[in-house]
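Have a look at the structure below, then the notes.
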Amino acid sequence: MEIDKIAELKSFLKVLPPVGFCCVYGSSLHPNNNDKSTMVDYIIGVSDPKQWHSKNMELNEDHYASWMVPLGGAKLITQVADKIGVGVHFNPFVTWNDKMLKYGVVRMHDLVQDVLHWERFYLCGRLQKPVHILVDNLDIGDVNSVNLRAAVSAALLLLPSKFTEEDLYSKICSLSYMGDLRMLFAEDKNKVKRIVEGQFGLFQSMYKPFLKEYEAKELLTFSLPNSHQATISQDCSLSMTHSLVHSLPPLVRRKMGMKLGEMQVLKDSGRVLHEVVIGSREEAARSMQRIIRRTVMVSSARQAVSGFLAAGGINATRYLANKVRKAWKSWT
């Protein structure tokens, strides 16, 4: 991203209280997007959301739904995000410097938990797609490598023995939309394709290290490298399936073990590990897919209700109307 663009995106943070993490995402990252009216999306991580919102209200009270400030302010916002939503409070339709912005605020601990364990499959899904990190005081970028490796493993489990690099990124991108209620009526049906095609180079820079690692281990083989349609072949044996499942977050493996069974494995170190019993690759893929789909479905429903309450009826309706309008265009 150009230096001037980065400086412009960072300048918004100057009007907010200090943050521990911040990234931008969405269509504003598309290399060929020159539309000045495009909404810029931020994810902001802070140590104490209640304290942060309280300070932000002193600076920027207009960012919040008018009814929330007198009724409970920062405490109410945090309670709605934590108890009803998935720990993220979004302020949409914020106008600043002739730009339309949306920013979501999350507790740093919750962000790390989702990235490492896929507890909500909400922000981890966002960070599996291209973002540009503006502030990273806790090395979330490094922590996210665990999330990216798990996303590659999940996608490979769901793909056939031969596929293209574009297929891989599309499958990774689709993980966070499996079960998302918005996809039924409020999202562009071509969203995944549009994201991958518009940011293919960014996906490559994110995932190439993991693909090269798998290639070095002879788990993946490539033909026509450096092409969108390069054919990738993967080893679909049970041993490879075990390896992919082992790369999934512990919480997902535990849920898979509850459905498929677990066995105890004694390592040379004397440590006993619990591993998922895998009868077939297809069975493992179906089990993982059901777990992710249910997690995403629950999170998307909770966040939708939380967003309606926190953003206020007018802003929430406006945001949903924009989403439905885009979805309608993609279906007609």
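All residue names refer to the structure tokens as shown: chains lettered A, B, ... in order, residues numbered from 1 in each chain, ligands numbered from 1 in order.
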
May I have all residues of region 62-261 of chain A that DSSP, computed from the backbone, assigns to helix (DSSP H, G or I), given as a PyMOL selection string? chain A and resi 62-63+68-71+73-84+108-117+123-126+140-158+165-175+181-184+191-198+200-216+238-246+250-260

Could you pull out the strand (DSSP E or B) residues of region 219-286 of chain A, going by DSSP on the backbone, and write them as a PyMOL selection string? chain A and resi 220-222+231-234+262-266+272-276

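Nearest to Arg120 (chain A) of all the residues A:Met288, A:Leu309, A:Leu175, A:Val86 is A:Val86, counting only C-alpha atoms.
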
Neighbouring residues of Phe163 (chain A) were defined as those with any atom within 7 Å, considering only C-alpha atoms; residues of the same chain fewer than 2 positions away were excluded. Please report them as a list in words.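 Contacts, with the query itself left out: Pro160, Ser161, Glu165, Asp167, Thr231, Ile232 and Ser233 of chain A.
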
Selection export as a CSV table (one decimal), in the first residue's frame, atoms kept: N, CA, C and O atoms:
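And here's selection.csv as it stands now:
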```
chain,number,residue,atom,x,y,z
A,160,PRO,N,-10.7,-31.1,-3.4
A,160,PRO,CA,-10.4,-32.4,-4.0
A,160,PRO,C,-8.9,-32.5,-4.1
A,160,PRO,O,-8.1,-31.7,-3.7
A,161,SER,N,-8.4,-33.6,-4.8
A,161,SER,CA,-7.0,-33.9,-4.9
A,161,SER,C,-6.3,-32.9,-5.8
A,161,SER,O,-5.1,-32.7,-5.7
A,165,GLU,N,-4.8,-22.5,-7.4
A,165,GLU,CA,-4.5,-21.6,-6.3
A,165,GLU,C,-5.7,-20.7,-6.0
A,165,GLU,O,-6.0,-20.4,-4.9
A,167,ASP,N,-8.8,-21.5,-6.4
A,167,ASP,CA,-9.8,-22.4,-5.7
A,167,ASP,C,-9.4,-22.4,-4.2
A,167,ASP,O,-10.3,-22.3,-3.3
A,231,THR,N,-2.3,-25.6,-11.4
A,231,THR,CA,-2.9,-26.7,-10.8
A,231,THR,C,-2.1,-27.2,-9.6
A,231,THR,O,-0.9,-27.3,-9.7
A,232,ILE,N,-2.7,-27.4,-8.5
A,232,ILE,CA,-2.1,-27.9,-7.3
A,232,ILE,C,-2.6,-29.3,-7.0
A,232,ILE,O,-3.9,-29.5,-7.0
A,233,SER,N,-1.8,-30.2,-6.7
A,233,SER,CA,-2.2,-31.6,-6.3
A,233,SER,C,-1.8,-31.8,-4.9
A,233,SER,O,-0.7,-31.4,-4.4
```

Show me, as a list in words, the residues that have an atom within 10 Å of Tyr25 (chain A) when counting only C-alpha atoms, minus same-chain residues fewer than 6 positions from it.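 Counting only the stated atoms, we get Val40, Asp41, Tyr42, Ile43, Arg126, Leu127, Lys129, Pro130, Val131, His132 and Ile133 of chain A.
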
What is the CA of Val143 (chain A) to CA of Cys23 (chain A) distance in Å? 14.3 Å

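We find CA of Asn91 (chain A) and CA of Asp142 (chain A) to be spaced 27.1 Å apart.
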
Spatial neighbours of Glu275 (chain A), max dist 10 Å, only C-alpha atoms, sep filter under 2 positions, as a PDB file with N, CA, C and O atoms, in the first residue's frame:
```pdb
ATOM      1  N   HIS A 242      -4.665 -36.720   8.860  1.00  0.00           N
ATOM      2  CA  HIS A 242      -4.314 -36.564  10.281  1.00  0.00           C
ATOM      3  C   HIS A 242      -3.466 -35.308  10.487  1.00  0.00           C
ATOM      4  O   HIS A 242      -3.663 -34.569  11.457  1.00  0.00           O
ATOM      5  N   VAL A 245      -5.716 -32.191  10.199  1.00  0.00           N
ATOM      6  CA  VAL A 245      -6.571 -32.063  11.386  1.00  0.00           C
ATOM      7  C   VAL A 245      -5.741 -31.588  12.573  1.00  0.00           C
ATOM      8  O   VAL A 245      -6.201 -30.757  13.377  1.00  0.00           O
ATOM      9  N   HIS A 246      -4.522 -32.072  12.679  1.00  0.00           N
ATOM     10  CA  HIS A 246      -3.652 -31.675  13.783  1.00  0.00           C
ATOM     11  C   HIS A 246      -3.330 -30.183  13.734  1.00  0.00           C
ATOM     12  O   HIS A 246      -3.028 -29.574  14.770  1.00  0.00           O
ATOM     13  N   ARG A 253     -10.579 -29.329  17.145  1.00  0.00           N
ATOM     14  CA  ARG A 253     -10.205 -30.748  17.269  1.00  0.00           C
ATOM     15  C   ARG A 253     -10.981 -31.417  18.403  1.00  0.00           C
ATOM     16  O   ARG A 253     -11.410 -32.574  18.275  1.00  0.00           O
ATOM     17  N   ARG A 254     -11.160 -30.689  19.498  1.00  0.00           N
ATOM     18  CA  ARG A 254     -11.897 -31.262  20.626  1.00  0.00           C
ATOM     19  C   ARG A 254     -13.344 -31.553  20.244  1.00  0.00           C
ATOM     20  O   ARG A 254     -13.896 -32.612  20.598  1.00  0.00           O
ATOM     21  N   MET A 256     -14.426 -32.091  17.207  1.00  0.00           N
ATOM     22  CA  MET A 256     -14.401 -33.209  16.265  1.00  0.00           C
ATOM     23  C   MET A 256     -14.246 -34.524  17.011  1.00  0.00           C
ATOM     24  O   MET A 256     -14.885 -35.532  16.662  1.00  0.00           O
ATOM     25  N   GLY A 257     -13.412 -34.531  18.058  1.00  0.00           N
ATOM     26  CA  GLY A 257     -13.211 -35.730  18.857  1.00  0.00           C
ATOM     27  C   GLY A 257     -14.480 -36.188  19.561  1.00  0.00           C
ATOM     28  O   GLY A 257     -14.716 -37.394  19.721  1.00  0.00           O
ATOM     29  N   GLY A 261     -14.772 -39.477  18.003  1.00  0.00           N
ATOM     30  CA  GLY A 261     -14.024 -40.284  18.960  1.00  0.00           C
ATOM     31  C   GLY A 261     -12.580 -39.817  19.075  1.00  0.00           C
ATOM     32  O   GLY A 261     -12.054 -39.149  18.177  1.00  0.00           O
ATOM     33  N   GLU A 262     -11.960 -40.138  20.197  1.00  0.00           N
ATOM     34  CA  GLU A 262     -10.573 -39.772  20.445  1.00  0.00           C
ATOM     35  C   GLU A 262      -9.780 -40.994  20.864  1.00  0.00           C
ATOM     36  O   GLU A 262     -10.326 -41.958  21.413  1.00  0.00           O
ATOM     37  N   MET A 263      -8.494 -40.947  20.592  1.00  0.00           N
ATOM     38  CA  MET A 263      -7.605 -42.004  21.069  1.00  0.00           C
ATOM     39  C   MET A 263      -6.398 -41.358  21.735  1.00  0.00           C
ATOM     40  O   MET A 263      -6.009 -40.232  21.391  1.00  0.00           O
ATOM     41  N   GLN A 264      -5.837 -42.039  22.696  1.00  0.00           N
ATOM     42  CA  GLN A 264      -4.664 -41.536  23.402  1.00  0.00           C
ATOM     43  C   GLN A 264      -3.396 -42.042  22.721  1.00  0.00           C
ATOM     44  O   GLN A 264      -3.272 -43.236  22.429  1.00  0.00           O
ATOM     45  N   VAL A 265      -2.482 -41.124  22.466  1.00  0.00           N
ATOM     46  CA  VAL A 265      -1.227 -41.467  21.797  1.00  0.00           C
ATOM     47  C   VAL A 265      -0.072 -41.090  22.717  1.00  0.00           C
ATOM     48  O   VAL A 265       0.022 -39.947  23.166  1.00  0.00           O
ATOM     49  N   VAL A 272       1.137 -37.788  26.870  1.00  0.00           N
ATOM     50  CA  VAL A 272      -0.022 -38.440  26.261  1.00  0.00           C
ATOM     51  C   VAL A 272      -0.870 -37.388  25.557  1.00  0.00           C
ATOM     52  O   VAL A 272      -1.290 -36.392  26.161  1.00  0.00           O
ATOM     53  N   LEU A 273      -1.103 -37.593  24.262  1.00  0.00           N
ATOM     54  CA  LEU A 273      -1.924 -36.667  23.482  1.00  0.00           C
ATOM     55  C   LEU A 273      -3.241 -37.322  23.103  1.00  0.00           C
ATOM     56  O   LEU A 273      -3.316 -38.536  22.910  1.00  0.00           O
ATOM     57  N   VAL A 277     -10.074 -39.612  16.151  1.00  0.00           N
ATOM     58  CA  VAL A 277     -10.144 -40.860  15.386  1.00  0.00           C
ATOM     59  C   VAL A 277     -10.709 -40.527  14.003  1.00  0.00           C
ATOM     60  O   VAL A 277     -11.825 -40.018  13.890  1.00  0.00           O
ATOM     61  N   ILE A 278      -9.946 -40.806  12.964  1.00  0.00           N
ATOM     62  CA  ILE A 278     -10.361 -40.464  11.609  1.00  0.00           C
ATOM     63  C   ILE A 278     -10.520 -41.741  10.795  1.00  0.00           C
ATOM     64  O   ILE A 278      -9.554 -42.457  10.528  1.00  0.00           O
TER      65      ILE A 278
END
```

Tell me, as a PDB file with N, CA and C atoms, in the first residue's frame, which residues lie within 12 Å of Leu251 (chain A), counting only C-alpha atoms; anything in the same chain fewer than 6 positions away does not count.
```pdb
ATOM      1  N   GLN A 113      -8.005 -14.832  21.493  1.00  0.00           N
ATOM      2  CA  GLN A 113      -8.691 -16.113  21.675  1.00  0.00           C
ATOM      3  C   GLN A 113      -9.348 -16.582  20.388  1.00  0.00           C
ATOM      4  N   ASP A 114      -9.963 -15.664  19.665  1.00  0.00           N
ATOM      5  CA  ASP A 114     -10.633 -16.056  18.423  1.00  0.00           C
ATOM      6  C   ASP A 114      -9.615 -16.423  17.348  1.00  0.00           C
ATOM      7  N   VAL A 115      -8.519 -15.692  17.300  1.00  0.00           N
ATOM      8  CA  VAL A 115      -7.479 -15.971  16.309  1.00  0.00           C
ATOM      9  C   VAL A 115      -6.839 -17.339  16.555  1.00  0.00           C
ATOM     10  N   LEU A 116      -6.582 -17.675  17.811  1.00  0.00           N
ATOM     11  CA  LEU A 116      -5.892 -18.919  18.138  1.00  0.00           C
ATOM     12  C   LEU A 116      -6.818 -20.129  18.215  1.00  0.00           C
ATOM     13  N   HIS A 117      -8.066 -19.906  18.643  1.00  0.00           N
ATOM     14  CA  HIS A 117      -8.938 -21.043  18.951  1.00  0.00           C
ATOM     15  C   HIS A 117     -10.222 -21.115  18.128  1.00  0.00           C
ATOM     16  N   TRP A 118     -10.503 -20.085  17.329  1.00  0.00           N
ATOM     17  CA  TRP A 118     -11.732 -20.041  16.536  1.00  0.00           C
ATOM     18  C   TRP A 118     -12.971 -20.178  17.432  1.00  0.00           C
ATOM     19  N   GLU A 119     -12.923 -19.519  18.585  1.00  0.00           N
ATOM     20  CA  GLU A 119     -14.032 -19.605  19.538  1.00  0.00           C
ATOM     21  C   GLU A 119     -15.339 -19.078  18.940  1.00  0.00           C
ATOM     22  N   ARG A 120     -15.245 -17.948  18.243  1.00  0.00           N
ATOM     23  CA  ARG A 120     -16.442 -17.340  17.642  1.00  0.00           C
ATOM     24  C   ARG A 120     -16.406 -17.413  16.117  1.00  0.00           C
ATOM     25  N   PHE A 121     -15.276 -17.686  15.568  1.00  0.00           N
ATOM     26  CA  PHE A 121     -15.029 -17.634  14.121  1.00  0.00           C
ATOM     27  C   PHE A 121     -15.610 -16.352  13.528  1.00  0.00           C
ATOM     28  N   ALA A 150      -3.989 -22.772  10.045  1.00  0.00           N
ATOM     29  CA  ALA A 150      -5.212 -23.551  10.288  1.00  0.00           C
ATOM     30  C   ALA A 150      -6.205 -23.365   9.142  1.00  0.00           C
ATOM     31  N   VAL A 245      -5.716 -32.191  10.199  1.00  0.00           N
ATOM     32  CA  VAL A 245      -6.571 -32.063  11.386  1.00  0.00           C
ATOM     33  C   VAL A 245      -5.741 -31.588  12.573  1.00  0.00           C
ATOM     34  N   GLY A 257     -13.412 -34.531  18.058  1.00  0.00           N
ATOM     35  CA  GLY A 257     -13.211 -35.730  18.857  1.00  0.00           C
ATOM     36  C   GLY A 257     -14.480 -36.188  19.561  1.00  0.00           C
ATOM     37  N   MET A 258     -15.318 -35.223  19.958  1.00  0.00           N
ATOM     38  CA  MET A 258     -16.584 -35.561  20.608  1.00  0.00           C
ATOM     39  C   MET A 258     -17.521 -36.279  19.649  1.00  0.00           C
ATOM     40  N   VAL A 276      -7.882 -37.110  17.308  1.00  0.00           N
ATOM     41  CA  VAL A 276      -9.183 -37.433  16.728  1.00  0.00           C
ATOM     42  C   VAL A 276      -9.080 -38.753  15.953  1.00  0.00           C
ATOM     43  N   MET A 288     -15.607 -31.319  10.492  1.00  0.00           N
ATOM     44  CA  MET A 288     -15.046 -29.972  10.649  1.00  0.00           C
ATOM     45  C   MET A 288     -15.966 -28.924  10.054  1.00  0.00           C
ATOM     46  N   ILE A 291     -18.901 -28.117  12.284  1.00  0.00           N
ATOM     47  CA  ILE A 291     -18.482 -27.339  13.460  1.00  0.00           C
ATOM     48  C   ILE A 291     -18.304 -25.874  13.091  1.00  0.00           C
ATOM     49  N   ILE A 292     -17.604 -25.608  11.992  1.00  0.00           N
ATOM     50  CA  ILE A 292     -17.380 -24.223  11.567  1.00  0.00           C
ATOM     51  C   ILE A 292     -18.699 -23.560  11.197  1.00  0.00           C
ATOM     52  N   THR A 295     -20.681 -22.653  14.298  1.00  0.00           N
ATOM     53  CA  THR A 295     -20.037 -21.553  15.018  1.00  0.00           C
ATOM     54  C   THR A 295     -20.310 -20.227  14.322  1.00  0.00           C
TER      55      THR A 295
END
```

Nearest to Gly141 (chain A) among A:Cys22, A:Lys189, A:Ser170, A:Leu159, with distances taken over only C-alpha atoms: which residue is it?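 Checking each of A:Cys22, A:Lys189, A:Ser170, A:Leu159 against Gly141 (chain A), counting only C-alpha atoms, the winner is A:Cys22.
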
I'd like to know which of A:Ser243, A:Ser153, A:Asn60, A:Ser47 is closest to Asn137 (chain A), using only C-alpha atoms. A:Ser47

Closest to Ala155 (chain A) among A:Gln51, A:Thr221, A:Gln234, A:Gln79, using only C-alpha atoms?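 For Ala155 (chain A), the nearest of the candidates is A:Gln234.
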
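Interatomic distance, CA of Val88 (chain A) to CA of Lys50 (chain A): 11.6 Å.
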
Check the smallest atom-to-atom distance from each of A:Glu282, A:Asp136, A:Glu61, A:Glu215 to Ile44 (chain A) using only C-alpha atoms, then report the winner. A:Asp136
